[in-house]
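K.L.:
PDB, C-alpha atoms, saved as coords_12.pdb, coming up:
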ATOM      1  CA  MET A  15      12.674   6.663   0.477  1.00  0.00           C
ATOM      2  CA  GLN A  16      11.042   3.341  -0.262  1.00  0.00           C
ATOM      3  CA  ILE A  17       7.616   1.955  -1.063  1.00  0.00           C
ATOM      4  CA  LEU A  18       6.299  -0.784   1.220  1.00  0.00           C
ATOM      5  CA  VAL A  19       3.315  -2.851   0.113  1.00  0.00           C
ATOM      6  CA  ASP A  20       0.846  -4.732   2.286  1.00  0.00           C
ATOM      7  CA  ALA A  21       0.784  -7.368  -0.417  1.00  0.00           C
ATOM      8  CA  ASP A  22      -1.488 -10.155   0.837  1.00  0.00           C
ATOM      9  CA  ALA A  23      -4.683  -8.505  -0.427  1.00  0.00           C
ATOM     10  CA  CYS A  24      -3.157  -6.019  -2.868  1.00  0.00           C
ATOM     11  CA  PRO A  25      -4.665  -6.333  -6.360  1.00  0.00           C
ATOM     12  CA  ALA A  26      -2.310  -7.700  -9.019  1.00  0.00           C
ATOM     13  CA  VAL A  27      -2.857  -4.631 -11.202  1.00  0.00           C
ATOM     14  CA  VAL A  28      -1.594  -2.391  -8.369  1.00  0.00           C
ATOM     15  CA  LYS A  29       1.511  -4.549  -7.992  1.00  0.00           C
ATOM     16  CA  ASP A  30       2.144  -4.263 -11.743  1.00  0.00           C
ATOM     17  CA  ILE A  31       1.827  -0.471 -11.560  1.00  0.00           C
ATOM     18  CA  LEU A  32       4.298  -0.425  -8.663  1.00  0.00           C
ATOM     19  CA  PHE A  33       6.765  -2.700 -10.495  1.00  0.00           C
ATOM     20  CA  ARG A  34       6.784  -0.373 -13.519  1.00  0.00           C
ATOM     21  CA  ALA A  35       7.188   2.686 -11.289  1.00  0.00           C
ATOM     22  CA  ALA A  36      10.072   1.083  -9.372  1.00  0.00           C
ATOM     23  CA  ARG A  37      12.007   0.516 -12.583  1.00  0.00           C
ATOM     24  CA  ARG A  38      11.108   3.919 -14.014  1.00  0.00           C
ATOM     25  CA  VAL A  39      12.270   5.976 -11.028  1.00  0.00           C
ATOM     26  CA  GLU A  40      14.723   3.425  -9.606  1.00  0.00           C
ATOM     27  CA  MET A  41      13.010   3.305  -6.234  1.00  0.00           C
ATOM     28  CA  ASN A  42      12.886   0.310  -3.913  1.00  0.00           C
ATOM     29  CA  VAL A  43       9.530  -1.434  -3.687  1.00  0.00           C
ATOM     30  CA  THR A  44       9.156  -4.136  -1.040  1.00  0.00           C
ATOM     31  CA  LEU A  45       6.136  -6.410  -0.909  1.00  0.00           C
ATOM     32  CA  VAL A  46       5.413  -7.902   2.507  1.00  0.00           C
ATOM     33  CA  ALA A  47       3.098 -10.913   2.739  1.00  0.00           C
ATOM     34  CA  ASN A  48       2.592 -14.138   4.631  1.00  0.00           C
ATOM     35  CA  GLN A  49       2.733 -16.108   1.401  1.00  0.00           C
ATOM     36  CA  TYR A  50       5.349 -16.472  -1.303  1.00  0.00           C
ATOM     37  CA  LEU A  51       5.087 -13.754  -3.954  1.00  0.00           C
ATOM     38  CA  ARG A  52       6.703 -13.879  -7.345  1.00  0.00           C
ATOM     39  CA  THR A  53       8.260 -10.584  -8.398  1.00  0.00           C
ATOM     40  CA  PRO A  54       9.904  -9.567 -11.650  1.00  0.00           C
ATOM     41  CA  PRO A  55      13.696  -9.531 -11.707  1.00  0.00           C
ATOM     42  CA  SER A  56      14.840  -6.069 -10.704  1.00  0.00           C
ATOM     43  CA  PRO A  57      17.330  -4.642  -8.229  1.00  0.00           C
ATOM     44  CA  PHE A  58      14.513  -2.323  -7.074  1.00  0.00           C
ATOM     45  CA  ILE A  59      11.843  -4.938  -6.333  1.00  0.00           C
ATOM     46  CA  ARG A  60      11.828  -7.523  -3.567  1.00  0.00           C
ATOM     47  CA  SER A  61       9.385  -9.472  -1.474  1.00  0.00           C
ATOM     48  CA  ILE A  62       9.513 -10.514   2.143  1.00  0.00           C
ATOM     49  CA  GLN A  63       7.552 -13.507   3.345  1.00  0.00           C
ATOM     50  CA  VAL A  64       6.605 -13.338   7.009  1.00  0.00           C
ATOM     51  CA  PRO A  65       5.179 -16.171   9.124  1.00  0.00           C
ATOM     52  CA  ALA A  66       1.431 -16.666   9.040  1.00  0.00           C
ATOM     53  CA  GLY A  67      -0.407 -14.987  11.866  1.00  0.00           C
ATOM     54  CA  PHE A  68      -2.668 -12.114  12.744  1.00  0.00           C
ATOM     55  CA  ASP A  69      -1.123  -8.789  11.663  1.00  0.00           C
ATOM     56  CA  VAL A  70       2.400 -10.249  11.289  1.00  0.00           C
ATOM     57  CA  ALA A  71       2.855  -8.589   7.883  1.00  0.00           C
ATOM     58  CA  ASP A  72       1.457  -5.325   9.218  1.00  0.00           C
ATOM     59  CA  GLN A  73       3.854  -5.368  12.160  1.00  0.00           C
ATOM     60  CA  ARG A  74       6.792  -5.953   9.815  1.00  0.00           C
ATOM     61  CA  ILE A  75       5.747  -3.030   7.622  1.00  0.00           C
ATOM     62  CA  VAL A  76       5.497  -0.743  10.674  1.00  0.00           C
ATOM     63  CA  GLU A  77       8.977  -1.867  11.776  1.00  0.00           C
ATOM     64  CA  MET A  78      10.414  -1.124   8.330  1.00  0.00           C
ATOM     65  CA  ALA A  79       8.604   2.175   7.687  1.00  0.00           C
ATOM     66  CA  GLU A  80      10.557   5.383   8.067  1.00  0.00           C
ATOM     67  CA  PRO A  81       9.537   9.025   7.728  1.00  0.00           C
ATOM     68  CA  GLY A  82       8.922   9.860   4.071  1.00  0.00           C
ATOM     69  CA  ASP A  83       8.286   6.256   2.979  1.00  0.00           C
ATOM     70  CA  LEU A  84       5.131   5.351   1.096  1.00  0.00           C
ATOM     71  CA  VAL A  85       3.008   2.439   2.310  1.00  0.00           C
ATOM     72  CA  ILE A  86       0.385   0.894   0.051  1.00  0.00           C
ATOM     73  CA  THR A  87      -2.412  -0.658   2.110  1.00  0.00           C
ATOM     74  CA  ALA A  88      -6.157  -0.882   2.490  1.00  0.00           C
ATOM     75  CA  ASP A  89      -5.702  -1.727   6.183  1.00  0.00           C
ATOM     76  CA  ILE A  90      -6.798   1.311   8.212  1.00  0.00           C
ATOM     77  CA  PRO A  91      -5.016   0.422  11.486  1.00  0.00           C
ATOM     78  CA  LEU A  92      -1.799  -0.204   9.535  1.00  0.00           C
ATOM     79  CA  ALA A  93      -2.202   3.143   7.794  1.00  0.00           C
ATOM     80  CA  ALA A  94      -2.651   4.846  11.182  1.00  0.00           C
ATOM     81  CA  ALA A  95       0.495   3.201  12.533  1.00  0.00           C
ATOM     82  CA  VAL A  96       2.698   4.248   9.605  1.00  0.00           C
ATOM     83  CA  LEU A  97       1.276   7.763   9.611  1.00  0.00           C
ATOM     84  CA  ASP A  98       2.326   7.975  13.261  1.00  0.00           C
ATOM     85  CA  LYS A  99       5.870   7.136  12.118  1.00  0.00           C
ATOM     86  CA  GLY A 100       5.886   9.915   9.522  1.00  0.00           C
ATOM     87  CA  ALA A 101       5.315   7.721   6.476  1.00  0.00           C
ATOM     88  CA  ARG A 102       2.605   8.312   3.867  1.00  0.00           C
ATOM     89  CA  ALA A 103      -0.210   5.808   3.228  1.00  0.00           C
ATOM     90  CA  LEU A 104      -2.137   5.264  -0.001  1.00  0.00           C
ATOM     91  CA  ASP A 105      -4.824   2.666  -0.502  1.00  0.00           C
ATOM     92  CA  PRO A 106      -4.966   0.551  -3.680  1.00  0.00           C
ATOM     93  CA  ARG A 107      -7.973   2.541  -4.896  1.00  0.00           C
ATOM     94  CA  GLY A 108      -5.941   5.761  -4.879  1.00  0.00           C
ATOM     95  CA  SER A 109      -7.250   7.331  -1.678  1.00  0.00           C
ATOM     96  CA  TRP A 110      -4.763   8.894   0.742  1.00  0.00           C
ATOM     97  CA  PHE A 111      -4.845   8.206   4.441  1.00  0.00           C
ATOM     98  CA  THR A 112      -3.951  11.428   6.229  1.00  0.00           C
ATOM     99  CA  ALA A 113      -3.679  12.784   9.742  1.00  0.00           C
ATOM    100  CA  GLU A 114      -6.926  14.646   9.006  1.00  0.00           C
ATOM    101  CA  ASN A 115      -8.981  11.605   7.976  1.00  0.00           C
ATOM    102  CA  ILE A 116      -7.458   8.597   9.755  1.00  0.00           C
ATOM    103  CA  ARG A 117      -9.372   8.916  13.050  1.00  0.00           C
ATOM    104  CA  GLU A 118     -12.704   9.129  11.213  1.00  0.00           C
ATOM    105  CA  ARG A 119     -11.802   6.080   9.114  1.00  0.00           C
ATOM    106  CA  LEU A 120     -10.829   4.131  12.230  1.00  0.00           C
ATOM    107  CA  THR A 121     -14.126   5.069  13.884  1.00  0.00           C
ATOM    108  CA  VAL A 122     -16.177   3.978  10.865  1.00  0.00           C
ATOM    109  CA  ARG A 123     -14.171   0.748  10.599  1.00  0.00           C
ATOM    110  CA  ASP A 124     -14.775  -0.025  14.274  1.00  0.00           C
ATOM    111  CA  ALA A 125     -18.510   0.714  13.961  1.00  0.00           C
ATOM    112  CA  MET A 126     -18.802  -1.585  10.938  1.00  0.00           C
ATOM    113  CA  GLU A 127     -16.910  -4.304  12.789  1.00  0.00           C
ATOM    114  CA  GLN A 128     -19.340  -4.041  15.713  1.00  0.00           C
ATOM    115  CA  LEU A 129     -22.300  -4.344  13.347  1.00  0.00           C
ATOM    116  CA  ARG A 130     -20.768  -7.430  11.700  1.00  0.00           C
ATOM    117  CA  SER A 131     -20.055  -9.037  15.080  1.00  0.00           C
ATOM    118  CA  ALA A 132     -23.728  -8.447  15.977  1.00  0.00           C
ATOM    119  CA  GLY A 133     -24.713 -10.451  12.896  1.00  0.00           C
ATOM    120  CA  ILE A 134     -25.654  -7.545  10.677  1.00  0.00           C
ATOM    121  CA  ASP A 135     -24.621  -7.940   7.040  1.00  0.00           C
ATOM    122  CA  THR A 136     -22.785  -4.741   6.143  1.00  0.00           C
ATOM    123  CA  GLY A 137     -21.793  -5.868   2.672  1.00  0.00           C
ATOM    124  CA  GLY A 138     -18.260  -5.301   1.616  1.00  0.00           C
ATOM    125  CA  PRO A 139     -16.212  -3.079  -0.603  1.00  0.00           C
ATOM    126  CA  ALA A 140     -17.199  -2.733  -4.228  1.00  0.00           C
ATOM    127  CA  PRO A 141     -15.261  -4.935  -6.630  1.00  0.00           C
ATOM    128  CA  TYR A 142     -11.942  -3.429  -7.701  1.00  0.00           C
ATOM    129  CA  ALA A 143     -12.513  -1.659 -11.020  1.00  0.00           C
ATOM    130  CA  LEU A 144     -10.450  -0.190 -13.841  1.00  0.00           C
ATOM    131  CA  ARG A 145     -11.339   3.272 -12.520  1.00  0.00           C
ATOM    132  CA  ASP A 146      -9.703   2.328  -9.189  1.00  0.00           C
ATOM    133  CA  SER A 147      -6.432   1.315 -10.848  1.00  0.00           C
ATOM    134  CA  ARG A 148      -6.395   4.524 -12.880  1.00  0.00           C
ATOM    135  CA  THR A 149      -6.973   6.613  -9.759  1.00  0.00           C
ATOM    136  CA  PHE A 150      -4.222   4.728  -7.929  1.00  0.00           C
ATOM    137  CA  ALA A 151      -1.768   5.145 -10.816  1.00  0.00           C
ATOM    138  CA  GLY A 152      -2.496   8.863 -11.009  1.00  0.00           C
ATOM    139  CA  GLN A 153      -1.979   9.408  -7.284  1.00  0.00           C
ATOM    140  CA  LEU A 154       1.220   7.343  -7.322  1.00  0.00           C
ATOM    141  CA  ASP A 155       2.583   9.287 -10.305  1.00  0.00           C
ATOM    142  CA  ARG A 156       1.835  12.628  -8.625  1.00  0.00           C
ATOM    143  CA  PHE A 157       3.549  11.451  -5.462  1.00  0.00           C
ATOM    144  CA  LEU A 158       6.604  10.127  -7.297  1.00  0.00           C
ATOM    145  CA  ALA A 159       6.889  13.355  -9.280  1.00  0.00           C
ATOM    146  CA  THR A 160       7.424  15.191  -5.996  1.00  0.00           C
ATOM    147  CA  VAL A 161      10.028  12.782  -4.563  1.00  0.00           C
ATOM    148  CA  ALA A 162      11.794  11.056  -7.453  1.00  0.00           C
ATOM    149  CA  THR A 163      13.327  11.903 -10.757  1.00  0.00           C
ATOM    150  CA  PRO A 164      12.799   9.455 -13.634  1.00  0.00           C
ATOM    151  CA  LYS A 165      16.059   7.932 -14.820  1.00  0.00           C
ATOM    152  CA  ARG A 166      17.031   8.189 -18.486  1.00  0.00           C
ATOM    153  CA  GLY A 167      16.955   5.005 -20.483  1.00  0.00           C
ATOM    154  CA  THR A 168      14.732   3.164 -17.995  1.00  0.00           C
ATOM    155  CA  PRO A 169      11.586   1.611 -19.524  1.00  0.00           C
TER     156      PRO A 169
END
Will you turn the file into C-alpha cells for me?
P.N.:
Amino acid sequence: MQILVDADACPAVVKDILFRAARRVEMNVTLVANQYLRTPPSPFIRSIQVPAGFDVADQRIVEMAEPGDLVITADIPLAAAVLDKGARALDPRGSWFTAENIRERLTVRDAMEQLRSAGIDTGGPAPYALRDSRTFAGQLDRFLATVATPKRGTP
C-alpha cells in the first residue's frame, strides 16, 4: 500500500502531515506534480515531476494507483478514476470520496463549471483553515490505524 498525492495544489500543511505519517508508519508517500517539489530526506518519501500539461499529473497518479492505495486529492474526476481502480481517495480537508458520493460530487462540479463558463461568479472554496488540517490529520490517522502498524523508534 502506498499514498499518492496530487501535489500541485496540495496545502503545505497537508504535505507536512503526510511526511510525518510516512516516517511514523514506514509507508511510501509519493508526491506527483508538474513542478519540482522539495521533500525531506526519507526512504519513504519521494516526488515525481511530470511534464506540464492538462491532467498530466492526474493521469500519472491513475496509472500508479493500485487497489488499497490512498490518493490525496481535491480533484473530483481524479478521485472518481482512482476509486474505479479500487484505491481510496481523501481530500486535503479530510473528506472521503466514496462510491456513494462521487457521482453527486461530479454532477455538482459539472453544474458549477457550466455556471462559470456562462459568466456567473460562483465564488470558490473557503480558505484552507486550521480546522481543515486537523480534520485531515484525524481521517489520515484513522485510516493508517486500519492498514499500518507504527514502527518502534520512529519519530
K.L.:
From the options A:Glu80, A:Glu40, A:Asp146, A:Glu118, which residue's atoms come nearest to Ala103 (chain A), counting all atoms listed in the file?
P.N.:
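Closest to Ala103 (chain A) of all the choices is A:Glu80.
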K.L.:
By how many Å are CA of Thr53 (chain A) and CA of Ser109 (chain A) apart?
P.N.:
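Atom-to-atom, CA of Thr53 (chain A) to CA of Ser109 (chain A), that is 24.6 Å.
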K.L.:
When the PyMOL selection byres ((chain A and resi 54) around 12) is applied to the file above, which residues end up in the set, as a list in words?
P.N.:
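Taken on the displayed file, the PyMOL selection byres ((chain A and resi 54) around 12) yields the residues Lys29, Asp30, Leu32, Phe33, Arg34, Ala36, Arg37, Val43, Thr44, Leu45, Leu51, Arg52, Thr53, Pro55, Ser56, Pro57, Phe58, Ile59, Arg60 and Ser61 of chain A.
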K.L.:
Give me a file of those residues, with C-alpha atoms, as an mmCIF file, in the frame of the given file.
P.N.:
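Writing the result to result_22.cif gives the following:
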data_model
loop_
_atom_site.group_PDB
_atom_site.id
_atom_site.type_symbol
_atom_site.label_atom_id
_atom_site.label_comp_id
_atom_site.auth_asym_id
_atom_site.auth_seq_id
_atom_site.Cartn_x
_atom_site.Cartn_y
_atom_site.Cartn_z
ATOM 1 C CA LYS A 29 1.511 -4.549 -7.992
ATOM 2 C CA ASP A 30 2.144 -4.263 -11.743
ATOM 3 C CA LEU A 32 4.298 -0.425 -8.663
ATOM 4 C CA PHE A 33 6.765 -2.700 -10.495
ATOM 5 C CA ARG A 34 6.784 -0.373 -13.519
ATOM 6 C CA ALA A 36 10.072 1.083 -9.372
ATOM 7 C CA ARG A 37 12.007 0.516 -12.583
ATOM 8 C CA VAL A 43 9.530 -1.434 -3.687
ATOM 9 C CA THR A 44 9.156 -4.136 -1.040
ATOM 10 C CA LEU A 45 6.136 -6.410 -0.909
ATOM 11 C CA LEU A 51 5.087 -13.754 -3.954
ATOM 12 C CA ARG A 52 6.703 -13.879 -7.345
ATOM 13 C CA THR A 53 8.260 -10.584 -8.398
ATOM 14 C CA PRO A 55 13.696 -9.531 -11.707
ATOM 15 C CA SER A 56 14.840 -6.069 -10.704
ATOM 16 C CA PRO A 57 17.330 -4.642 -8.229
ATOM 17 C CA PHE A 58 14.513 -2.323 -7.074
ATOM 18 C CA ILE A 59 11.843 -4.938 -6.333
ATOM 19 C CA ARG A 60 11.828 -7.523 -3.567
ATOM 20 C CA SER A 61 9.385 -9.472 -1.474
#
K.L.:
Any idea what the distance is between CA of Ala47 (chain A) and CA of Val64 (chain A)?
P.N.:
6.0 Å
K.L.:
What would the selection look like, as a JSON list (two decimals) with C-alpha atoms, in the frame of the given file, if the PyMOL selection byres ((chain A and resi 71-77) around 12) were run on the coordinates I just shared?
P.N.:
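Done, and the output landed in result24.json:
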[["chain", "number", "residue", "atom", "x", "y", "z"],
["A", 16, "GLN", "CA", 11.04, 3.34, -0.26],
["A", 17, "ILE", "CA", 7.62, 1.96, -1.06],
["A", 18, "LEU", "CA", 6.30, -0.78, 1.22],
["A", 19, "VAL", "CA", 3.32, -2.85, 0.11],
["A", 20, "ASP", "CA", 0.85, -4.73, 2.29],
["A", 21, "ALA", "CA", 0.78, -7.37, -0.42],
["A", 22, "ASP", "CA", -1.49, -10.15, 0.84],
["A", 23, "ALA", "CA", -4.68, -8.51, -0.43],
["A", 44, "THR", "CA", 9.16, -4.14, -1.04],
["A", 45, "LEU", "CA", 6.14, -6.41, -0.91],
["A", 46, "VAL", "CA", 5.41, -7.90, 2.51],
["A", 47, "ALA", "CA", 3.10, -10.91, 2.74],
["A", 48, "ASN", "CA", 2.59, -14.14, 4.63],
["A", 49, "GLN", "CA", 2.73, -16.11, 1.40],
["A", 61, "SER", "CA", 9.38, -9.47, -1.47],
["A", 62, "ILE", "CA", 9.51, -10.51, 2.14],
["A", 63, "GLN", "CA", 7.55, -13.51, 3.34],
["A", 64, "VAL", "CA", 6.60, -13.34, 7.01],
["A", 65, "PRO", "CA", 5.18, -16.17, 9.12],
["A", 66, "ALA", "CA", 1.43, -16.67, 9.04],
["A", 67, "GLY", "CA", -0.41, -14.99, 11.87],
["A", 68, "PHE", "CA", -2.67, -12.11, 12.74],
["A", 69, "ASP", "CA", -1.12, -8.79, 11.66],
["A", 70, "VAL", "CA", 2.40, -10.25, 11.29],
["A", 78, "MET", "CA", 10.41, -1.12, 8.33],
["A", 79, "ALA", "CA", 8.60, 2.17, 7.69],
["A", 80, "GLU", "CA", 10.56, 5.38, 8.07],
["A", 81, "PRO", "CA", 9.54, 9.02, 7.73],
["A", 83, "ASP", "CA", 8.29, 6.26, 2.98],
["A", 84, "LEU", "CA", 5.13, 5.35, 1.10],
["A", 85, "VAL", "CA", 3.01, 2.44, 2.31],
["A", 86, "ILE", "CA", 0.38, 0.89, 0.05],
["A", 87, "THR", "CA", -2.41, -0.66, 2.11],
["A", 88, "ALA", "CA", -6.16, -0.88, 2.49],
["A", 89, "ASP", "CA", -5.70, -1.73, 6.18],
["A", 90, "ILE", "CA", -6.80, 1.31, 8.21],
["A", 91, "PRO", "CA", -5.02, 0.42, 11.49],
["A", 92, "LEU", "CA", -1.80, -0.20, 9.54],
["A", 93, "ALA", "CA", -2.20, 3.14, 7.79],
["A", 94, "ALA", "CA", -2.65, 4.85, 11.18],
["A", 95, "ALA", "CA", 0.50, 3.20, 12.53],
["A", 96, "VAL", "CA", 2.70, 4.25, 9.60],
["A", 97, "LEU", "CA", 1.28, 7.76, 9.61],
["A", 98, "ASP", "CA", 2.33, 7.98, 13.26],
["A", 99, "LYS", "CA", 5.87, 7.14, 12.12],
["A", 100, "GLY", "CA", 5.89, 9.91, 9.52],
["A", 101, "ALA", "CA", 5.32, 7.72, 6.48],
["A", 102, "ARG", "CA", 2.60, 8.31, 3.87],
["A", 103, "ALA", "CA", -0.21, 5.81, 3.23]]
K.L.:
Give me, please, the distance in Å between CA of Cys24 (chain A) and CA of Asp105 (chain A), quoted to one decimal.
P.N.:
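Pair CA of Cys24 (chain A) / CA of Asp105 (chain A) returns 9.2 Å.
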K.L.:
When the PyMOL selection byres ((chain A and resi 154-162) around 10) is applied to the structure above, which residues does it catch, written out as a list of chain:residue names?
P.N.:
A:Met15, A:Ile31, A:Leu32, A:Ala35, A:Ala36, A:Arg38, A:Val39, A:Glu40, A:Met41, A:Gly82, A:Leu84, A:Ile86, A:Arg102, A:Leu104, A:Pro106, A:Gly108, A:Arg148, A:Thr149, A:Phe150, A:Ala151, A:Gly152, A:Gln153, A:Thr163, A:Pro164, A:Lys165
